[in-house]
Each structure stands twice: as structure tokens, then as C-alpha cells.
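Dropping entry02.txt in here (compact mmCIF, C-alpha atoms):
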# COMPACT_ATOMS: atom_id res chain seq x y z
CA MET A 186 -43.41 -13.28 75.73
CA THR A 187 -46.33 -11.37 74.31
CA SER A 188 -47.99 -12.06 70.98
CA LEU A 189 -46.43 -8.88 69.56
CA GLN A 190 -42.97 -9.94 70.69
CA ASN A 191 -43.46 -13.35 69.08
CA THR A 192 -44.43 -11.69 65.80
CA ILE A 193 -41.40 -9.41 65.88
CA LEU A 194 -39.07 -12.30 66.67
CA SER A 195 -40.54 -14.43 63.88
CA PHE A 196 -40.20 -11.58 61.38
CA THR A 197 -36.59 -10.95 62.45
CA LEU A 198 -35.59 -14.62 62.07
CA SER A 199 -37.24 -14.74 58.63
CA LEU A 200 -35.43 -11.56 57.58
CA ILE A 201 -32.06 -12.99 58.68
CA LYS A 202 -32.67 -16.13 56.62
CA THR A 203 -33.62 -14.03 53.58
CA ILE A 204 -30.47 -11.91 53.90
CA LYS A 205 -28.27 -15.01 54.27
CA PHE A 206 -29.84 -16.56 51.16
CA ALA A 207 -29.45 -13.37 49.18
CA THR A 208 -25.83 -13.06 50.27
CA LYS A 209 -25.08 -16.63 49.24
CA PHE A 210 -26.85 -16.08 45.90
CA MET A 211 -24.85 -12.93 45.21
CA LEU A 212 -21.59 -14.66 46.16
CA ILE A 213 -22.32 -17.64 43.94
CA SER A 214 -23.31 -15.35 41.06
CA PHE A 215 -20.09 -13.37 41.49
CA VAL A 216 -17.97 -16.53 41.45
CA LEU A 217 -19.76 -17.78 38.33
CA LEU A 218 -19.22 -14.42 36.65
CA ILE A 219 -15.51 -14.51 37.39
CA ALA A 220 -15.26 -18.09 36.19
CA SER A 221 -17.04 -17.31 32.94
CA GLY A 222 -14.77 -14.33 32.40
CA CYS A 223 -11.73 -16.55 32.74
CA GLY A 224 -12.86 -18.44 29.66
CA LYS A 225 -12.80 -15.27 27.54
CA THR A 226 -9.79 -13.47 26.09
CA ASP A 227 -9.02 -9.80 25.96
CA SER A 228 -6.00 -10.42 23.74
CA PRO A 229 -6.05 -8.54 20.44
CA GLU A 230 -6.00 -10.26 17.07
CA SER A 231 -2.92 -8.26 16.07
CA ILE A 232 0.01 -6.60 17.82
CA ASP A 233 1.57 -3.51 16.25
CA LEU A 234 5.31 -3.79 15.60
CA SER A 235 5.83 -0.37 14.03
CA LYS A 236 7.47 1.55 16.86
CA ASN A 237 10.86 1.58 18.59
CA TRP A 238 12.92 -1.00 16.74
CA ARG A 239 16.57 -1.22 17.68
CA PHE A 240 18.53 -0.56 14.49
CA SER A 241 22.10 -0.79 13.25
CA PRO A 242 23.61 -0.43 9.77
CA ASP A 243 25.73 -3.36 8.61
CA GLU A 244 27.70 -2.09 5.64
CA ASN A 245 30.39 -4.75 6.11
CA ASN A 246 27.81 -7.54 6.37
CA ILE A 247 29.10 -8.87 9.69
CA GLY A 248 25.75 -9.15 11.46
CA GLN A 249 25.13 -12.74 10.44
CA SER A 250 28.52 -14.00 11.61
CA GLU A 251 28.26 -12.03 14.86
CA LYS A 252 24.73 -13.39 15.46
CA TRP A 253 22.89 -10.10 15.62
CA TYR A 254 19.74 -12.22 15.35
CA ALA A 255 20.35 -14.01 18.65
CA PRO A 256 18.09 -13.26 21.67
CA ASN A 257 21.10 -12.80 23.96
CA PHE A 258 22.86 -10.29 21.68
CA ASP A 259 23.23 -6.90 23.39
CA ASP A 260 21.62 -4.23 21.20
CA SER A 261 21.28 -1.59 23.93
CA HIS A 262 23.77 0.71 22.16
CA TRP A 263 21.82 0.61 18.87
CA ASP A 264 19.62 3.48 17.66
CA LYS A 265 15.84 3.37 17.77
CA ILE A 266 13.83 3.87 14.59
CA ASP A 267 10.31 3.05 13.40
CA ALA A 268 8.87 0.85 10.70
CA GLY A 269 6.68 2.62 8.17
CA LYS A 270 9.41 5.10 7.29
CA ARG A 271 12.56 4.93 5.16
CA TRP A 272 15.73 4.61 7.18
CA GLU A 273 17.07 7.50 5.05
CA ASP A 274 14.57 9.75 6.87
CA GLN A 275 15.62 8.47 10.29
CA GLY A 276 19.31 9.29 10.33
CA TYR A 277 20.79 7.04 7.60
CA PRO A 278 20.53 9.06 4.36
CA ASN A 279 23.42 7.30 2.59
CA LEU A 280 22.86 3.70 3.64
CA ASP A 281 22.54 1.50 0.53
CA SER A 282 23.50 -1.80 2.09
CA PHE A 283 22.44 -4.07 4.95
CA GLY A 284 20.67 -2.90 8.07
CA TRP A 285 19.33 -4.84 11.06
CA TYR A 286 16.12 -4.35 13.05
CA ARG A 287 15.55 -6.01 16.44
CA LYS A 288 12.48 -5.93 18.67
CA THR A 289 11.02 -7.92 21.57
CA VAL A 290 7.31 -8.68 21.56
CA ASP A 291 5.19 -10.27 24.27
CA VAL A 292 2.98 -12.97 22.74
CA PRO A 293 -0.25 -13.68 24.70
CA LEU A 294 -0.55 -17.10 26.30
CA ASP A 295 -4.01 -17.58 24.81
CA TRP A 296 -2.56 -17.33 21.27
CA LYS A 297 -1.12 -20.81 21.74
CA GLY A 298 -2.69 -23.25 19.29
CA LYS A 299 -3.57 -20.51 16.79
CA ASP A 300 -2.04 -19.75 13.40
CA ILE A 301 0.14 -16.66 13.74
CA TRP A 302 1.89 -14.59 11.08
CA ILE A 303 4.33 -11.69 10.94
CA LYS A 304 3.41 -9.30 8.14
CA PHE A 305 5.23 -6.32 6.60
CA GLY A 306 3.53 -3.90 4.20
CA ALA A 307 6.71 -3.65 2.12
CA VAL A 308 10.45 -3.98 2.72
CA ASN A 309 12.94 -2.15 0.56
CA ASP A 310 14.43 -4.24 -0.99
CA ALA A 311 14.98 -7.77 0.39
CA TYR A 312 15.02 -9.27 3.88
CA GLU A 313 15.53 -12.28 6.10
CA LEU A 314 13.32 -12.76 9.18
CA PHE A 315 14.52 -14.33 12.44
CA VAL A 316 12.36 -15.30 15.43
CA ASN A 317 14.04 -16.24 18.72
CA GLY A 318 17.34 -16.77 16.95
CA GLU A 319 16.03 -18.97 14.13
CA SER A 320 15.82 -17.94 10.47
CA VAL A 321 12.19 -18.45 9.45
CA SER A 322 11.90 -16.84 5.99
CA SER A 323 13.53 -14.63 3.37
CA PHE A 324 12.06 -12.49 0.60
CA GLY A 325 13.73 -10.89 -2.41
CA LYS A 326 16.56 -12.24 -4.51
CA ALA A 327 17.98 -12.00 -8.02
CA ASN A 328 16.84 -8.36 -8.18
CA ILE A 329 13.24 -9.23 -7.26
CA THR A 330 12.44 -6.48 -4.77
CA PHE A 331 9.74 -6.47 -2.10
CA ALA A 332 9.71 -2.67 -1.95
CA ALA A 333 6.16 -2.65 -3.33
CA LYS A 334 4.88 -6.00 -2.13
CA PRO A 335 3.44 -7.04 1.23
CA SER A 336 4.75 -10.30 2.64
CA PHE A 337 3.95 -12.57 5.56
CA THR A 338 5.50 -15.51 7.40
CA LYS A 339 3.78 -18.09 9.57
CA VAL A 340 5.63 -18.17 12.91
CA SER A 341 3.31 -20.19 15.18
CA ASP A 342 5.93 -22.89 15.82
CA ASN A 343 8.72 -20.42 16.56
CA LEU A 344 7.11 -18.45 19.39
CA LYS A 345 7.16 -18.68 23.17
CA TYR A 346 3.66 -18.04 24.49
CA GLY A 347 3.08 -15.85 27.50
CA GLN A 348 6.70 -14.70 27.18
CA SER A 349 8.89 -12.19 25.37
CA ASN A 350 10.08 -13.10 21.88
CA LEU A 351 12.93 -11.64 19.86
CA VAL A 352 12.14 -10.63 16.28
CA ALA A 353 15.10 -9.65 14.08
CA VAL A 354 15.06 -8.52 10.45
CA LYS A 355 18.10 -8.27 8.20
CA VAL A 356 17.26 -5.86 5.36
CA ASN A 357 19.25 -5.50 2.15
CA ASP A 358 18.73 -2.17 0.37
CA TRP A 359 19.98 -2.15 -3.23
CA GLY A 360 19.81 1.64 -3.61
CA ASN A 361 17.63 4.70 -3.04
CA SER A 362 15.05 4.07 -0.27
CA GLY A 363 15.63 1.34 2.31
CA GLY A 364 14.16 -0.45 5.30
CA LEU A 365 10.83 -1.58 6.71
CA TRP A 366 9.35 1.39 4.96
CA ARG A 367 5.68 0.55 4.59
CA LEU A 368 3.05 -0.43 7.13
CA PRO A 369 1.62 -2.61 8.46
CA ALA A 370 4.30 -4.20 10.58
CA ILE A 371 2.33 -6.61 12.74
CA ILE A 372 2.20 -10.02 14.35
CA THR A 373 -1.32 -11.34 13.94
CA THR A 374 -3.79 -14.18 14.31
CA ASP A 375 -6.09 -12.58 11.72
CA LYS A 376 -5.97 -14.74 8.60
CA THR A 377 -7.50 -12.00 6.46
CA GLU A 378 -4.18 -10.14 6.80
CA THR A 379 -2.64 -12.83 4.58
CA ASP A 380 -5.07 -12.08 1.75
CA LEU A 381 -2.77 -9.75 -0.16
CA PHE A 382 -3.59 -7.02 -2.69
CA LYS A 383 -7.31 -7.28 -1.95
CA PRO A 384 -9.68 -4.30 -2.36
CA LEU A 385 -10.63 -2.33 0.73
CA SER A 386 -14.24 -1.99 -0.42
CA GLU A 387 -16.83 -4.68 -0.97
CA THR A 388 -19.06 -2.66 -3.32
CA PRO A 389 -18.13 -0.54 -6.36
CA PHE A 390 -17.73 3.19 -5.90
CA VAL A 391 -20.30 5.34 -7.75
CA PRO A 392 -19.19 9.00 -7.67
CA GLU A 393 -22.69 10.41 -8.21
CA LYS A 394 -23.93 8.63 -5.06
CA VAL A 395 -21.50 10.56 -2.84
CA GLY A 396 -22.13 14.03 -4.22
CA TYR A 397 -19.96 14.13 -7.34
CA GLU A 398 -21.14 15.37 -10.71
CA LEU A 399 -19.51 15.11 -14.12
CA PHE A 400 -17.25 18.14 -14.67
CA TRP A 401 -15.11 17.30 -17.72
CA GLN A 402 -14.91 14.37 -20.14
CA ASP A 403 -13.73 13.10 -23.49
CA GLU A 404 -15.21 9.98 -25.07
CA PHE A 405 -12.86 10.23 -28.08
CA ASN A 406 -15.53 10.38 -30.77
CA GLY A 407 -14.44 11.47 -34.22
CA ASP A 408 -11.21 10.81 -36.03
CA LYS A 409 -8.94 13.55 -34.65
CA LEU A 410 -7.68 14.49 -31.21
CA ASP A 411 -9.70 17.35 -29.71
CA THR A 412 -7.01 20.03 -29.49
CA LYS A 413 -9.20 22.08 -27.17
CA LYS A 414 -8.72 19.32 -24.60
CA TRP A 415 -5.47 17.48 -25.50
CA PHE A 416 -2.10 17.84 -27.14
CA VAL A 417 0.54 15.27 -28.01
CA ARG A 418 2.74 15.50 -24.95
CA GLY A 419 6.52 15.57 -24.95
CA VAL A 420 7.24 15.09 -28.64
CA GLY A 421 10.84 13.93 -28.85
CA PRO A 422 13.13 11.42 -27.13
CA ARG A 423 11.80 9.62 -24.04
CA GLY A 424 13.51 6.59 -22.53
CA VAL A 425 14.65 4.37 -25.37
CA GLY A 426 11.82 5.65 -27.57
CA TYR A 427 10.47 8.73 -29.27
CA VAL A 428 7.10 10.36 -28.57
CA SER A 429 5.50 10.96 -31.95
CA PRO A 430 2.14 12.26 -33.20
CA ASP A 431 2.23 9.27 -35.57
CA ALA A 432 1.65 7.01 -32.53
CA VAL A 433 -1.56 8.81 -31.49
CA GLU A 434 -4.78 7.78 -33.24
CA LEU A 435 -8.54 8.24 -32.80
CA LYS A 436 -10.57 5.46 -34.35
CA ASP A 437 -13.95 3.82 -33.71
CA GLY A 438 -14.59 5.94 -30.62
CA PHE A 439 -11.26 5.11 -28.95
CA LEU A 440 -7.99 6.88 -28.32
CA LYS A 441 -5.20 4.54 -29.40
CA LEU A 442 -1.67 5.14 -28.13
CA HIS A 443 0.63 2.96 -30.18
CA ALA A 444 4.13 1.56 -29.77
CA PHE A 445 5.92 0.41 -32.91
CA ILE A 446 9.30 0.30 -34.59
CA GLU A 447 9.96 2.54 -37.56
CA ASN A 448 13.40 3.01 -39.11
CA ASP A 449 14.98 1.21 -36.14
CA SER A 450 13.35 3.67 -33.72
CA LEU A 451 10.63 2.99 -31.16
CA LYS A 452 7.72 5.38 -31.60
CA ILE A 453 5.22 5.81 -28.76
CA GLY A 454 2.12 7.88 -28.07
CA ALA A 455 1.29 10.24 -25.18
CA VAL A 456 -1.28 13.02 -24.68
CA GLY A 457 -1.86 15.59 -21.95
CA THR A 458 -4.13 18.47 -20.97
CA SER A 459 -1.57 20.97 -19.61
CA GLY A 460 -2.69 24.53 -20.36
CA LEU A 461 -6.05 23.24 -21.61
CA PHE A 462 -7.63 21.58 -18.59
CA MET A 463 -6.25 21.72 -15.06
CA THR A 464 -8.03 21.36 -11.74
CA THR A 465 -7.60 20.64 -8.03
CA TYR A 466 -9.32 17.65 -6.40
CA GLY A 467 -11.96 15.39 -7.88
CA TYR A 468 -12.61 11.85 -9.06
CA PHE A 469 -10.57 11.05 -12.18
CA GLU A 470 -11.48 7.92 -14.16
CA CYS A 471 -10.58 6.29 -17.45
CA ARG A 472 -11.82 3.13 -19.11
CA ALA A 473 -9.05 1.37 -20.98
CA GLN A 474 -7.64 -1.80 -22.47
CA LEU A 475 -4.01 -2.37 -21.53
CA GLN A 476 -1.01 -3.32 -23.61
CA LYS A 477 -0.18 -6.96 -24.32
CA SER A 478 3.58 -7.10 -23.86
CA THR A 479 6.24 -6.38 -21.28
CA GLY A 480 8.92 -3.72 -21.67
CA ASN A 481 6.71 -0.72 -22.52
CA TRP A 482 3.81 0.14 -20.20
CA ALA A 483 0.46 1.95 -20.14
CA ALA A 484 -0.08 4.82 -17.69
CA PHE A 485 -2.84 7.21 -16.59
CA TRP A 486 -1.58 9.99 -14.35
CA ILE A 487 -1.98 13.53 -13.05
CA GLN A 488 0.92 15.97 -13.04
CA SER A 489 1.82 19.41 -11.68
CA PRO A 490 3.53 21.92 -13.99
CA GLY A 491 5.59 23.24 -11.07
CA ILE A 492 6.65 19.97 -9.45
CA SER A 493 10.37 20.66 -9.94
CA GLN A 494 10.22 24.16 -8.42
CA GLY A 495 10.09 23.11 -4.76
CA GLU A 496 9.81 20.23 -2.33
CA ASP A 497 6.48 20.92 -0.60
CA PRO A 498 3.82 18.86 -2.43
CA ALA A 499 1.05 21.07 -1.07
CA LYS A 500 2.53 24.07 -2.87
CA PHE A 501 4.33 22.53 -5.85
CA GLY A 502 2.22 19.47 -6.53
CA THR A 503 2.51 15.71 -6.71
CA GLU A 504 2.75 13.29 -9.60
CA ILE A 505 -0.28 11.05 -9.02
CA ASP A 506 0.11 7.76 -10.90
CA ILE A 507 -3.50 6.59 -11.05
CA PHE A 508 -2.26 3.38 -12.60
CA GLU A 509 0.71 1.90 -14.41
CA TYR A 510 0.67 -1.57 -15.95
CA PHE A 511 4.04 -3.31 -15.79
CA LYS A 512 3.25 -6.71 -17.20
CA LYS A 513 6.50 -8.17 -15.89
CA GLN A 514 5.02 -7.81 -12.37
CA GLY A 515 2.45 -10.40 -13.38
CA GLY A 516 -0.47 -10.07 -15.75
CA ASP A 517 -3.01 -9.50 -12.96
CA PHE A 518 -1.31 -6.55 -11.24
CA VAL A 519 -1.51 -2.79 -11.70
CA SER A 520 0.45 -0.31 -9.61
CA HIS A 521 -0.26 3.12 -8.12
CA ASN A 522 2.36 5.61 -6.97
CA LEU A 523 3.07 9.16 -5.79
CA HIS A 524 6.18 11.22 -6.57
CA TRP A 525 7.05 14.76 -5.52
CA ALA A 526 9.96 17.20 -5.03
CA TYR A 527 11.54 16.53 -8.43
CA GLY A 528 15.27 17.07 -8.18
CA PRO A 529 18.10 15.80 -5.97
CA ASN A 530 15.73 15.19 -3.04
CA GLN A 531 12.90 13.60 -5.01
CA LYS A 532 10.56 11.50 -2.89
CA SER A 533 8.16 8.68 -3.63
CA THR A 534 5.74 6.47 -1.75
CA GLY A 535 6.86 3.47 -3.80
CA ALA A 536 4.42 1.46 -5.85
CA PHE A 537 1.22 0.06 -4.34
CA LEU A 538 0.10 -3.09 -6.17
CA SER A 539 -3.50 -4.09 -6.81
CA LYS A 540 -4.33 -7.61 -7.94
CA VAL A 541 -7.21 -7.76 -10.41
CA GLU A 542 -7.71 -11.10 -12.09
CA GLY A 543 -7.92 -10.68 -15.86
CA VAL A 544 -6.97 -7.00 -15.83
CA GLY A 545 -4.77 -7.58 -18.89
CA GLU A 546 -7.78 -8.65 -20.95
CA GLY A 547 -10.66 -6.48 -22.12
CA PHE A 548 -11.60 -3.06 -20.77
CA HIS A 549 -11.36 -1.94 -17.12
CA THR A 550 -11.80 1.32 -15.25
CA PHE A 551 -8.99 2.98 -13.30
CA ALA A 552 -9.56 5.95 -11.02
CA VAL A 553 -8.32 8.13 -8.19
CA GLU A 554 -10.33 10.21 -5.73
CA TRP A 555 -8.17 13.20 -4.82
CA THR A 556 -9.40 15.25 -1.86
CA PRO A 557 -7.76 17.76 0.50
CA ASP A 558 -7.07 14.85 2.86
CA LYS A 559 -6.28 11.77 0.79
CA TYR A 560 -5.83 9.89 -2.46
CA ALA A 561 -7.97 6.78 -2.94
CA PHE A 562 -7.14 4.42 -5.82
CA PHE A 563 -9.77 2.32 -7.60
CA VAL A 564 -9.88 -0.46 -10.19
CA ASP A 565 -13.26 -1.40 -11.68
CA GLY A 566 -14.89 0.72 -8.99
CA TYR A 567 -13.31 -1.10 -6.05
CA LYS A 568 -11.07 0.87 -3.70
CA TYR A 569 -7.67 -0.75 -3.16
CA TYR A 570 -5.66 1.93 -1.35
CA GLU A 571 -6.15 5.15 0.57
CA ILE A 572 -3.03 7.28 1.06
CA LYS A 573 -2.83 10.38 3.24
CA GLN A 574 0.60 11.57 2.15
CA ALA A 575 2.02 14.18 -0.23
CA ILE A 576 -1.36 15.85 -0.77
CA SER A 577 -1.26 18.42 -3.55
CA HIS A 578 -3.44 21.51 -3.15
CA ILE A 579 -2.83 23.04 -6.56
CA ASP A 580 -4.20 22.67 -10.09
CA GLU A 581 -2.80 19.72 -12.03
CA TYR A 582 -3.37 18.22 -15.49
CA VAL A 583 -4.18 14.79 -16.91
CA ILE A 584 -1.85 12.53 -18.91
CA LEU A 585 -2.39 9.29 -20.84
CA SER A 586 0.83 7.71 -22.07
CA PHE A 587 2.33 4.55 -23.47
CA GLU A 588 5.68 4.69 -21.70
CA PRO A 589 8.82 3.31 -23.35
CA ALA A 590 11.07 0.69 -21.82
CA HIS A 591 13.84 1.94 -19.52
CA SER A 592 16.58 0.17 -21.46
CA MET A 593 17.27 -1.69 -24.68
CA GLU A 594 17.48 -4.86 -22.58
CA ASP A 595 13.90 -4.30 -21.39
CA LEU A 596 12.82 -3.53 -24.93
CA LYS A 597 13.94 -6.99 -26.03
CA GLU A 598 10.97 -8.37 -24.09
CA ALA A 599 8.44 -6.18 -25.90
CA VAL A 600 6.12 -7.56 -28.59
CA LEU A 601 5.61 -4.87 -31.20
CA PRO A 602 3.49 -3.30 -32.52
CA ASP A 603 1.37 -2.88 -29.40
CA VAL A 604 -1.38 -0.48 -28.33
CA PHE A 605 -2.92 1.10 -25.22
CA ILE A 606 -6.62 1.79 -25.96
CA VAL A 607 -8.69 4.34 -24.01
CA ASP A 608 -12.49 4.48 -24.24
CA TYR A 609 -13.03 7.63 -22.15
CA VAL A 610 -11.65 9.95 -19.49
CA LYS A 611 -14.07 11.52 -17.01
CA VAL A 612 -13.46 13.99 -14.19
CA TYR A 613 -16.05 14.47 -11.46
CA LYS A 614 -16.19 17.29 -8.93
CA LYS A 615 -18.18 17.74 -5.73
CA LYS A 616 -21.41 19.69 -6.16

Structure rendered as C-alpha cells:
Amino acid sequence: MTSLQNTILSFTLSLIKTIKFATKFMLISFVLLIASGCGKTDSPESIDLSKNWRFSPDENNIGQSEKWYAPNFDDSHWDKIDAGKRWEDQGYPNLDSFGWYRKTVDVPLDWKGKDIWIKFGAVNDAYELFVNGESVSSFGKANITFAAKPSFTKVSDNLKYGQSNLVAVKVNDWGNSGGLWRLPAIITTDKTETDLFKPLSETPFVPEKVGYELFWQDEFNGDKLDTKKWFVRGVGPRGVGYVSPDAVELKDGFLKLHAFIENDSLKIGAVGTSGLFMTTYGYFECRAQLQKSTGNWAAFWIQSPGISQGEDPAKFGTEIDIFEYFKKQGGDFVSHNLHWAYGPNQKSTGAFLSKVEGVGEGFHTFAVEWTPDKYAFFVDGYKYYEIKQAISHIDEYVILSFEPAHSMEDLKEAVLPDVFIVDYVKVYKKK
């Protein structure tokens, strides 16, 4: 063999060894990569439960005795509806009674050992939750509705991991809207989902920083209501009370809407800007101190003059309840709401509750950002809700009111005299 042949042979043998080593290295690396991947999870923190529930009305309340909650119950003949909508809008317009939801959900094997909850945004009005045939919780009784309250149940010990699980919900609707009507409807390992009524934002909203500028305001200086901006709204009977100019006062730089008894009648104050100031879209804010008692309640809202003339909120407007303070809901809660289509087919989102510790003491700001796409509700600058429903695209006006109790029974809980105090109202518009 020549010297050249020896060199070629030596190079070839060396190349073969290099290729073998590289192949082994690549194989080992691949195996290690697969092994490391097996230690990770692609399972989500939450599983959406909003779609395709099996549903059946239960007006005779036989579902419990017939075990409609059992995994082996045949629900194949039941309808399918979604959570996040009223059952009245899904084929059951006259159902004011019991209704059952059933759904199977596959729970990931790697969720085992974690804390797991089922959460509903709101259920109208009360409900009992079953998991794999066992009753695990119930919410709402003695006329305490969960139509405006999120709720959650820890179900870690009731699940089968890596398998299908049967979730059943027996809902009791006491009238008007019914069902699993507000999202989310989820099963989750995310503990932050159990922190209810929290703000969506971590920093206060400053309208000027996002392109708004002051467009209209009243700081209630002087000793008389500025009749170029406001009028006493709705003088006459309202609820169990009577709206009276006597219950509207300007003093010390504040608007004071009073509630008091005079000659066995409840007098209350309310003012509005209809015909004086109306606009479409903007950031509407007031700074106010709320009433002290239950029964009557403080409110800051925006209203359309044509809301009863049709059912399309884009054309006829929406009542935008920036805040209402029902102290019987708990001293630290305010509510926000939308209503439209006044008349026999009136619709509502139902109240959204915000928890603000100490909101019943001192002054706080309450606001809504109304855009062509959404309403965002704020307390003390923090955003609590964003709603993309019933968007009005027409001019509306501002109202401040001290609303009277719905009934004489509610009025018994009121401590009178009482007052709703407003420091200012400001409206900002985009530049």
C-alpha cells in the first residue's frame, strides 16, 4: 500500500469515528430533550366551560329525585345552550323556575395535587353544584340572589384526573332573567380567579394621559343650582318618595341631595342635565360622599331621552348606571349596570359589583369611560369592569339622584335625615 493510500485510509477511519461520535451525541441530546419535555406541562391554568351545556327546564322540581346530577343519567335528548347568556334568550323566555345544566369536562392528569375551583361570573338567582354525582356547594337562599355576584367552589377532591368528569348545575330562577348568565364559567387552577370584585387595573386612570381633555364641569360653587347646567329632575312621586326642590341644596361648594321625612312624606333630591347638556362618548366622573343608611340609595347615571322609543341601544340609547350604592349589599360595595329597551322587552346586564374598602366613608370618585366599543367602570381611578354590550351611539344626559326605597318595608331600614354629597362632576372628551 502506498503512502498516499495509507493517508486516505487513515483519514477515512478518522472520519467514520467522528461521524459515529456525532451521531451518538445527537441521539443522546435528542433523548435528553424529550426527557426534559416530559417534565413540563402544556395544560392550561383554566378550562372554559361556557359552551354547549346540556339543558332541561325542571318546572316540577323532579330533577333531584330523578338524579339528573348523576354521571350515568342520559341527557342526550336535552337541548344545548351556552353559559354567559340568559336562558330566556336561548329558547326559554317564560321559565321562572328550576333549570338544569350538565357538561362533561376532561381534567388534565397533571392537575392532580393542585387546588382547583369551578367559578361562575354570576348565576340568576341561586344554584347547587354537583361534580361526578356529588353535591359540592350551593349559593343563594332566603332571597339572597347571586345574579350579580361571582362565586367559586373548590373541587380538587371531587375530580377524576386524566378522565372525563360530569359537572351538573341546578339553577333556581325567582323571576325575570335566569341561568348561568354571566361569564366566566371556568374550572381553574389559577388562585387569582378566587379574588373576587378586584380591580382590573393596577394603577389609577388619568384621562389627560390618554388624550382626554376637560369638556364640561360643575364644581357646585355658590349657593344656588346653576340652571344653565342642571334642573331638579322628575319633581313628583317616585317610588315611595317625592322628588322635591326642597331636597336639593348647594352649600360650602357641594351639591347636597337630601332624604328626609316631612308631613309623613319622604322627600328626596335629584338633578339632571337633559336639554341643557347632552353628549355622546367621553369620560364621566363625579367625586362624592355616599349616604349612611340602607333603604334609599345614591346614584350617578347617564340616560337617553328616547330610551323607551325602541329596542336598539345604538339608536335609542342605554341607561348607564355609573354607580349605585345599595348599602344592604355590604358597606364596601358599589354596583354598575346597563339597561335598555324600556318597555315590555326591557333588557339589563344585571349589576356588576365592585368592592372598595371604606367606600361608605369620606369622598371617592366614580366614573365611566364610554367609547364606541365599550363601557369601562372606575372607582377611585381603578378600572373594575369593561363591558362591550348595549353600546349607545347617541347623545345622552347626566343625572345625580338620591333614589327612594322600593317599598315601605325597605324604608323601615332607612335612617333619616340622610344626604348624598357631590363635590364635582366632570366630563372629558378626546382631543

Could you work out an axis-aligned bounding box for all listed atoms of range 227-232 of chain A, with 4 Å added on each of the six sides, and give its centre and edge lengths in Å to one decimal, as JSON?
{"center_x": -4.5, "center_y": -8.5, "center_z": 21.0, "size_x": 17.0, "size_y": 11.8, "size_z": 17.9}

Legend entry - Given all atoms listed in the file as the counted atoms, nearest of A:His549, A:His578, A:Lys413, A:Lys345 to Thr289 in chain A: A:Lys345

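The list of residues with at least one atom within 8 Å of Trp525 in chain A, based on only C-alpha atoms and without residues fewer than 4 positions apart in the same chain, reads Ile492, Glu496, Asp497, Pro498, Gly502, Thr503, Glu504, Gln531, Lys532, Ser533 and Ala575 of chain A.
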
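Compared by their closest atoms to Glu393 in chain A, and using only C-alpha atoms, the residues A:Asn237, A:Asn522, A:Gly467, A:Phe416 rank with A:Gly467 nearest.
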
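Closest to Lys236 in chain A among A:Ile487, A:Asp267, A:Ile446, A:Val340 is A:Asp267, based on all atoms listed in the file.
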
Legend entry - Contact residues around Gly566 in chain A with all atoms listed in the file at 10 Å, ignoring same-chain residues under 6 positions, as a ChimeraX atom specification: /A:384,386-392,470,549-553

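Straight-line separation from CA of Ala432 in chain A to CA of Tyr510 in chain A: 18.7 Å.
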
Legend entry - Non-local contacts of Gln514 in chain A (10 Å; all atoms listed in the file; under 4 positions in same chain excluded) as a ChimeraX atom specification: /A:329,479,510,518-520,538

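Distance check against Gln494 in chain A using only C-alpha atoms: of A:Gly528, A:Gly516, A:Gly364, A:Gly276, the minimum falls on A:Gly528.
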